[in-house]
file structure30.txt (compact mmCIF, C-alpha atoms and all ligand atoms)
# COMPACT_ATOMS: atom_id res chain seq x y z
CA MET E 1 160.62 94.07 42.93
CA THR E 2 164.33 94.22 43.49
CA ILE E 3 167.74 92.63 43.47
CA GLU E 4 167.77 91.07 46.91
CA LEU E 5 171.32 89.82 47.07
CA SER E 6 174.47 89.91 44.94
CA MET E 7 177.75 88.08 45.35
CA ILE E 8 181.22 87.16 44.15
CA THR E 9 181.49 83.42 44.40
CA PRO E 10 184.27 80.87 43.89
CA HIS E 11 183.76 77.95 41.53
CA VAL E 12 187.01 76.03 42.03
CA PRO E 13 186.59 72.64 40.32
CA SER E 14 187.92 70.72 43.31
CA ILE E 15 184.76 71.51 45.34
CA CYS E 16 182.38 70.21 42.66
CA HIS E 17 182.02 67.08 44.76
CA GLU E 18 181.99 68.04 48.41
CA ASP E 19 183.62 64.84 49.60
CA GLN E 20 186.63 65.59 47.39
CA ALA E 21 187.20 69.18 48.55
CA PRO E 22 190.69 69.68 50.01
CA ASP E 23 190.88 70.90 53.60
CA PHE E 24 191.98 74.41 52.64
CA GLN E 25 188.83 74.86 50.50
CA LYS E 26 186.34 73.53 53.04
CA GLY E 27 185.74 77.07 54.29
CA ILE E 28 184.27 78.12 50.96
CA VAL E 29 182.07 75.00 50.95
CA ALA E 30 180.76 75.97 54.38
CA GLY E 31 180.35 79.59 53.25
CA LEU E 32 178.40 78.62 50.16
CA LYS E 33 176.07 76.56 52.33
CA GLU E 34 175.49 79.56 54.59
CA VAL E 35 174.68 81.75 51.58
CA ALA E 36 172.35 79.02 50.33
CA LYS E 37 170.32 79.42 53.54
CA GLU E 38 170.09 83.14 52.90
CA ILE E 39 168.90 82.52 49.35
CA ALA E 40 166.31 80.03 50.59
CA GLN E 41 165.05 82.66 53.05
CA ILE E 42 164.74 85.23 50.29
CA GLY E 43 162.92 82.80 48.03
CA PRO E 44 163.97 84.56 44.81
CA ASP E 45 162.05 84.22 41.57
CA ALA E 46 165.26 84.00 39.58
CA ILE E 47 169.04 83.87 39.80
CA VAL E 48 171.08 85.76 37.21
CA LEU E 49 174.61 84.38 37.04
CA VAL E 50 177.63 85.50 35.01
CA SER E 51 180.31 82.87 34.66
CA CYS E 52 183.98 83.33 33.82
CA HIS E 53 183.86 79.88 32.22
CA TRP E 54 181.45 80.98 29.52
CA PRO E 55 183.77 83.24 27.53
CA SER E 56 182.10 84.53 24.40
CA THR E 57 184.14 86.23 21.71
CA PHE E 58 182.03 89.10 20.36
CA ALA E 59 178.45 89.18 21.69
CA HIS E 60 177.23 89.16 25.29
CA TYR E 61 175.03 86.08 25.54
CA VAL E 62 171.96 85.50 27.70
CA ASP E 63 170.74 81.93 28.07
CA CYS E 64 167.01 82.34 27.45
CA TYR E 65 166.05 78.68 27.29
CA PRO E 66 163.17 77.80 29.67
CA VAL E 67 164.92 74.77 31.12
CA HIS E 68 168.58 73.92 31.69
CA LYS E 69 169.12 70.20 31.75
CA GLY E 70 172.16 68.13 30.98
CA PHE E 71 175.37 66.52 32.12
CA LEU E 72 178.55 68.49 32.49
CA THR E 73 181.96 67.07 31.74
CA ALA E 74 184.36 70.00 31.99
CA GLN E 75 186.58 70.19 28.93
CA GLU E 76 189.50 71.60 30.89
CA ALA E 77 189.21 69.15 33.80
CA PRO E 78 187.21 66.05 32.76
CA ASP E 79 188.85 64.02 35.50
CA LEU E 80 187.51 66.33 38.22
CA ILE E 81 184.11 67.15 36.71
CA LYS E 82 182.61 64.29 34.77
CA ASP E 83 178.97 63.53 33.95
CA VAL E 84 177.68 65.93 36.60
CA PRO E 85 173.91 66.18 36.16
CA TYR E 86 172.03 69.47 36.44
CA PHE E 87 168.35 70.30 35.91
CA TYR E 88 167.28 73.88 36.67
CA PRO E 89 164.34 75.87 35.36
CA GLY E 90 165.06 78.98 33.28
CA ASP E 91 163.16 82.25 33.02
CA GLU E 92 162.52 82.91 29.36
CA ASP E 93 160.53 86.11 29.90
CA LEU E 94 163.04 87.83 32.15
CA ALA E 95 165.93 86.64 29.98
CA ASN E 96 164.28 88.13 26.89
CA GLU E 97 163.78 91.39 28.75
CA LEU E 98 167.51 91.48 29.45
CA VAL E 99 168.30 90.85 25.78
CA GLN E 100 165.95 93.57 24.60
CA ALA E 101 167.18 96.11 27.15
CA GLY E 102 170.77 95.42 26.13
CA LYS E 103 169.96 95.90 22.46
CA ASP E 104 168.05 99.09 23.27
CA ALA E 105 171.16 100.36 25.05
CA GLY E 106 173.17 99.77 21.89
CA LEU E 107 175.09 96.78 23.24
CA PRO E 108 175.76 93.58 21.25
CA ILE E 109 173.51 91.25 23.23
CA GLU E 110 172.19 87.94 21.89
CA GLY E 111 169.79 85.42 23.40
CA VAL E 112 170.59 81.71 23.35
CA TYR E 113 167.67 79.39 22.61
CA ASP E 114 169.10 75.88 22.46
CA GLU E 115 168.08 72.85 24.45
CA HIS E 116 171.46 71.22 23.77
CA PHE E 117 173.52 74.12 25.12
CA VAL E 118 175.76 72.68 27.87
CA TRP E 119 176.50 74.68 30.98
CA ASP E 120 180.06 75.40 32.11
CA TYR E 121 181.47 74.55 35.52
CA GLY E 122 181.62 78.19 36.63
CA THR E 123 177.84 78.00 36.51
CA VAL E 124 177.27 74.46 37.75
CA VAL E 125 179.71 74.31 40.69
CA PRO E 126 178.40 77.25 42.76
CA LEU E 127 174.77 76.44 41.96
CA ARG E 128 175.23 72.92 43.34
CA TYR E 129 175.73 74.58 46.72
CA LEU E 130 173.68 77.78 46.39
CA VAL E 131 170.54 76.15 44.98
CA PRO E 132 170.94 72.48 45.92
CA ASN E 133 167.31 71.64 45.23
CA GLU E 134 167.53 73.04 41.68
CA ASP E 135 164.23 74.80 42.33
CA ILE E 136 165.01 78.44 41.39
CA PRO E 137 165.00 79.57 37.74
CA VAL E 138 168.44 80.52 36.45
CA ILE E 139 169.52 82.90 33.70
CA ASN E 140 173.21 82.56 32.91
CA LEU E 141 175.36 85.12 31.13
CA SER E 142 178.66 85.00 29.30
CA VAL E 143 181.73 87.13 29.83
CA THR E 144 182.62 88.74 26.54
CA LEU E 145 186.22 88.96 25.49
CA ALA E 146 185.73 91.68 22.86
CA ALA E 147 184.08 93.86 25.50
CA ASN E 148 186.32 95.95 27.72
CA LEU E 149 185.63 96.52 31.40
CA ASP E 150 183.69 99.73 30.77
CA GLU E 151 181.33 98.05 28.31
CA THR E 152 180.85 95.14 30.71
CA TYR E 153 180.14 97.61 33.52
CA LYS E 154 177.56 99.31 31.33
CA TRP E 155 175.93 95.94 30.57
CA GLY E 156 175.79 95.36 34.34
CA GLN E 157 173.98 98.68 34.75
CA VAL E 158 171.46 97.70 32.09
CA ILE E 159 170.91 94.34 33.80
CA ALA E 160 170.44 96.09 37.15
CA LYS E 161 167.81 98.44 35.74
CA VAL E 162 165.82 95.57 34.26
CA LEU E 163 165.98 93.57 37.48
CA ARG E 164 165.08 96.57 39.67
CA GLU E 165 162.04 97.33 37.52
CA SER E 166 160.95 93.71 37.32
CA ASP E 167 158.16 92.45 39.56
CA LYS E 168 160.44 89.57 40.52
CA LYS E 169 162.91 89.05 43.36
CA VAL E 170 166.32 88.32 41.93
CA VAL E 171 169.76 87.23 43.16
CA PHE E 172 172.80 88.19 41.08
CA VAL E 173 175.89 85.97 41.10
CA ALA E 174 179.34 86.82 39.68
CA SER E 175 181.20 83.52 39.48
CA GLY E 176 184.95 83.92 39.35
CA ALA E 177 188.26 84.53 41.09
CA LEU E 178 190.50 87.51 41.80
CA ALA E 179 194.22 86.79 41.11
CA HIS E 180 194.30 83.94 38.63
CA ASN E 181 197.87 83.41 37.46
CA LEU E 182 197.52 79.64 37.57
CA VAL E 183 200.26 77.19 38.46
CA ARG E 184 200.30 73.44 38.99
CA GLY E 185 199.60 72.43 42.59
CA ARG E 186 196.19 73.23 44.00
CA HIS E 187 197.57 74.30 47.37
CA HIS E 188 199.62 77.18 45.94
CA MET E 189 198.74 80.72 46.98
CA PRO E 190 199.03 83.66 44.59
CA THR E 191 202.48 85.27 44.70
CA LEU E 192 203.08 87.91 47.36
CA ALA E 193 202.73 90.72 44.82
CA GLU E 194 199.55 89.28 43.32
CA HIS E 195 198.10 88.70 46.75
CA ALA E 196 198.93 92.23 47.84
CA MET E 197 196.61 93.35 45.05
CA ASP E 198 193.95 90.83 46.15
CA LYS E 199 194.11 92.31 49.63
CA GLN E 200 193.86 95.88 48.40
CA PHE E 201 190.91 95.02 46.18
CA VAL E 202 189.10 93.25 49.02
CA ASP E 203 189.92 96.13 51.34
CA PHE E 204 188.27 98.59 48.95
CA VAL E 205 185.26 96.31 48.60
CA MET E 206 184.82 95.74 52.33
CA ASN E 207 184.99 99.50 52.90
CA LYS E 208 182.33 99.98 50.22
CA ASP E 209 184.79 101.94 48.09
CA TYR E 210 183.51 100.16 45.02
CA ARG E 211 184.71 102.96 42.74
CA SER E 212 188.34 102.42 43.75
CA ALA E 213 187.95 98.65 43.47
CA TYR E 214 186.64 99.13 39.94
CA ASP E 215 189.34 101.65 39.08
CA MET E 216 192.13 99.25 40.06
CA LEU E 217 190.72 96.45 37.89
CA PRO E 218 192.65 97.19 34.67
CA GLN E 219 196.09 97.03 36.30
CA PHE E 220 195.06 94.38 38.82
CA SER E 221 193.87 92.22 35.91
CA SER E 222 196.99 92.87 33.89
CA MET E 223 199.43 92.13 36.72
CA ALA E 224 197.65 89.32 38.56
CA LYS E 225 195.66 87.89 35.62
CA VAL E 226 192.30 88.34 37.34
CA GLU E 227 189.92 85.73 35.99
CA SER E 228 188.18 86.79 32.76
CA GLY E 229 190.17 90.01 32.92
CA GLY E 230 187.92 91.12 35.78
CA ARG E 231 184.82 91.28 33.59
CA HIS E 232 182.63 89.41 36.10
CA LEU E 233 183.64 91.99 38.71
CA ALA E 234 183.00 94.91 36.35
CA MET E 235 179.50 93.56 35.75
CA LEU E 236 178.92 93.25 39.49
CA PHE E 237 180.05 96.85 40.05
CA GLY E 238 177.48 97.90 37.46
CA ILE E 239 174.85 96.37 39.71
CA ILE E 240 175.78 97.40 43.24
CA ASP E 241 176.40 100.88 44.69
CA GLU E 242 177.37 102.34 48.07
CA ASP E 243 174.00 101.35 49.50
CA TRP E 244 175.00 97.70 49.31
CA LYS E 245 176.66 96.21 52.37
CA PRO E 246 179.40 93.61 51.85
CA VAL E 247 179.63 90.49 54.00
CA TYR E 248 182.78 88.39 53.80
CA TYR E 249 182.13 84.66 54.14
CA ALA E 250 185.21 82.75 53.15
CA ASP E 251 188.17 82.46 50.82
CA ALA E 252 190.69 79.93 49.56
CA GLN E 253 193.56 79.55 47.19
CA SER E 254 193.43 77.24 44.20
CA SER E 255 196.48 76.66 42.01
CA GLY E 256 197.76 80.18 42.51
CA SER E 257 194.34 81.84 42.29
CA TRP E 258 192.45 83.67 45.07
CA ASN E 259 188.79 82.92 45.57
CA PRO E 260 186.73 84.95 48.03
CA LEU E 261 183.02 84.52 48.73
CA ILE E 262 181.51 87.96 49.39
CA THR E 263 177.84 88.85 49.40
CA PHE E 264 176.22 92.27 49.04
CA THR E 265 172.88 93.26 50.49
CA LYS E 266 171.00 96.53 50.52
CA THR E 267 171.65 98.28 53.81
CA LYS E 268 168.78 97.77 56.21
CA VAL E 269 168.09 99.83 59.33
CA SER E 270 166.29 97.22 61.37
CA GLY E 271 169.12 96.55 63.83
CA GLU E 272 170.75 94.25 61.36
CA GLN E 273 173.98 92.72 62.54
CA GLU E 274 177.04 94.44 61.18
CA ASN E 275 179.70 92.45 59.44
CA SER E 276 181.56 90.78 62.28
CA LYS E 277 184.47 89.31 60.38
CA GLU E 278 187.31 91.69 61.04
CA GLU E 279 190.14 89.97 59.25
CA TYR E 280 188.98 89.08 55.84
CA VAL E 281 192.14 88.24 53.96
CA LYS E 282 194.96 86.04 55.19
FE FE E 301 187.57 79.58 37.01

call {"tool": "encode", "arguments": {"input": "structure30.txt", "output": "structure tokens"}}
result
Amino acid sequence: MTIELSMITPHVPSICHEDQAPDFQKGIVAGLKEVAKEIAQIGPDAIVLVSCHWPSTFAHYVDCYPVHKGFLTAQEAPDLIKDVPYFYPGDEDLANELVQAGKDAGLPIEGVYDEHFVWDYGTVVPLRYLVPNEDIPVINLSVTLAANLDETYKWGQVIAKVLRESDKKVVFVASGALAHNLVRGRHHMPTLAEHAMDKQFVDFVMNKDYRSAYDMLPQFSSMAKVESGGRHLAMLFGIIDEDWKPVYYADAQSSGSWNPLITFTKTKVSGEQENSKEEYVK
């Protein structure tokens, strides 16, 4: 059928457990819950999620296993995220279609078929809010370090074509931050210069100038250390176009990183409410 909804979502580890979220990140918790309602209304057949915390070296991976079940203890923060259970269905057929389409396009795509494969927290944290009942099949994707932004963008276009031509309703999630030059102290904002770039990027996005947002990614990533080098964003830009309307839900800092929650929907003409949030970056 179609891609019903896409988004950039935060996955800051300090919101893994809602009761431990610091005050300045409670807005993104509330925003994720709002988006969860939208997803529930859509009733998608699958969620395709790329996570900055699944960095692969050479190949782009697609998790094709029919069920995702395990406990996550995050290697980089086992005190914050420890023994967190997850149990989501997968979608083997659609995942295999993605793998085949990627190979047909000449990209180095590999499927993962392993019941012991453990999810990362960039996947688990947002899904705990977006799909709290664990009742929507999930296909998760890696970000690939040997792939530049253009190749990742092209992979996004291939993914979009498969999803558009599928008979399923799909939601696409890009899990990751903008500026990501991390420092100790969760309350720290990005530096003024880094945050100026965050604001410009968000400004392009909210004005649907996705081409300019994409074009600034190489230098934005170099100067502000955008998470995964901006690959999750490049993939998203391969999926959306000017027909998609952005809606800004929330944002927060985390240890010098900037983490907006922005959704994208196909423009509808049925008197749909326009984005009412005028000031979208502090
Ligand atoms: Fe992250």

call {"tool": "closest_residue", "arguments": {"input": "structure30.txt", "among": "E:Gly102, E:Gly230, E:Pro66, E:Pro89", "to": "ligand FE 301 (chain E)", "atoms": "all atoms listed in the file"}}
result
E:Gly230

call {"tool": "residues_around", "arguments": {"input": "structure30.txt", "residues": "Lys33 of chain E", "least_positions_apart": "4", "cutoff": "9 Å", "atoms": "all atoms listed in the file", "output": "list of chain:residue names"}}
result
E:Ile28, E:Val29, E:Lys37, E:Glu38, E:Tyr129, E:Leu130

call {"tool": "closest_residue", "arguments": {"input": "structure30.txt", "among": "E:Thr152, E:Ile262, E:Phe87, E:Leu236", "to": "Asp203 of chain E", "atoms": "only C-alpha atoms"}}
result
E:Ile262

call {"tool": "residues_near_ligand", "arguments": {"input": "structure30.txt", "ligand": "ligand FE 301 (chain E)", "cutoff": "10 Å", "atoms": "all atoms listed in the file", "output": "list in words"}}
result
Pro10, His11, Val12, Pro13, Ser51, Cys52, His53, Trp54, Asp120, Tyr121, Gly122, Thr123, Ser175, Gly176, Ala177, Leu178, His180, Leu182, Val226, Glu227, Ser228, Ser254, Ser257 and Asn259 of chain E

call {"tool": "atom_distance", "arguments": {"input": "structure30.txt", "atom1": "atom CA of Ser221 of chain E", "atom2": "atom CA of Thr191 of chain E"}}
result
14.1 Å

call {"tool": "residues_around", "arguments": {"input": "structure30.txt", "residues": "segment 158-167 of chain E", "least_positions_apart": "4", "cutoff": "9 Å", "atoms": "all atoms listed in the file", "output": "PDB file with C-alpha atoms, in the coordinates of the input"}}
result
ATOM      1  CA  MET E   1     160.620  94.070  42.930  1.00  0.00           C
ATOM      2  CA  THR E   2     164.330  94.220  43.490  1.00  0.00           C
ATOM      3  CA  ILE E   3     167.740  92.630  43.470  1.00  0.00           C
ATOM      4  CA  LEU E  94     163.040  87.830  32.150  1.00  0.00           C
ATOM      5  CA  GLU E  97     163.780  91.390  28.750  1.00  0.00           C
ATOM      6  CA  LEU E  98     167.510  91.480  29.450  1.00  0.00           C
ATOM      7  CA  ALA E 101     167.180  96.110  27.150  1.00  0.00           C
ATOM      8  CA  GLY E 102     170.770  95.420  26.130  1.00  0.00           C
ATOM      9  CA  ALA E 105     171.160 100.360  25.050  1.00  0.00           C
ATOM     10  CA  TYR E 153     180.140  97.610  33.520  1.00  0.00           C
ATOM     11  CA  LYS E 154     177.560  99.310  31.330  1.00  0.00           C
ATOM     12  CA  MET E 235     179.500  93.560  35.750  1.00  0.00           C
ATOM     13  CA  GLY E 238     177.480  97.900  37.460  1.00  0.00           C
ATOM     14  CA  ILE E 239     174.850  96.370  39.710  1.00  0.00           C
ATOM     15  CA  ILE E 240     175.780  97.400  43.240  1.00  0.00           C
TER      16      ILE E 240
END

call {"tool": "residues_near_point", "arguments": {"input": "structure30.txt", "point": "(168.4, 77.5, 24.3)", "cutoff": "8 Å", "atoms": "only C-alpha atoms", "output": "VMD selection string"}}
result
chain E and resid 63 to 66 112 to 117

call {"tool": "closest_residue", "arguments": {"input": "structure30.txt", "among": "E:Leu80, E:Leu5, E:Leu72, E:Val143", "to": "Val124 of chain E", "atoms": "all atoms listed in the file"}}
result
E:Leu72

call {"tool": "residues_near_point", "arguments": {"input": "structure30.txt", "point": "(171.2, 97.8, 46.8)", "cutoff": "7 Å", "atoms": "all atoms listed in the file", "output": "ChimeraX atom specification"}}
result
/E:240-241,243-244,265-266

call {"tool": "atom_distance", "arguments": {"input": "structure30.txt", "atom1": "atom CA of Val84 of chain E", "atom2": "atom CA of Cys16 of chain E"}}
result
8.8 Å

call {"tool": "closest_residue", "arguments": {"input": "structure30.txt", "among": "E:Ala224, E:Leu145, E:Met216, E:Ile136", "to": "Thr57 of chain E", "atoms": "all atoms listed in the file"}}
result
E:Leu145

call {"tool": "residues_around", "arguments": {"input": "structure30.txt", "residues": "Asp215 of chain E", "least_positions_apart": "6", "cutoff": "10 Å", "atoms": "all atoms listed in the file", "output": "list in words"}}
result
Leu149, Phe201 and Ala234 of chain E

call {"tool": "atom_distance", "arguments": {"input": "structure30.txt", "atom1": "atom CA of Gln25 of chain E", "atom2": "atom CA of Ala252 of chain E"}}
result
5.5 Å
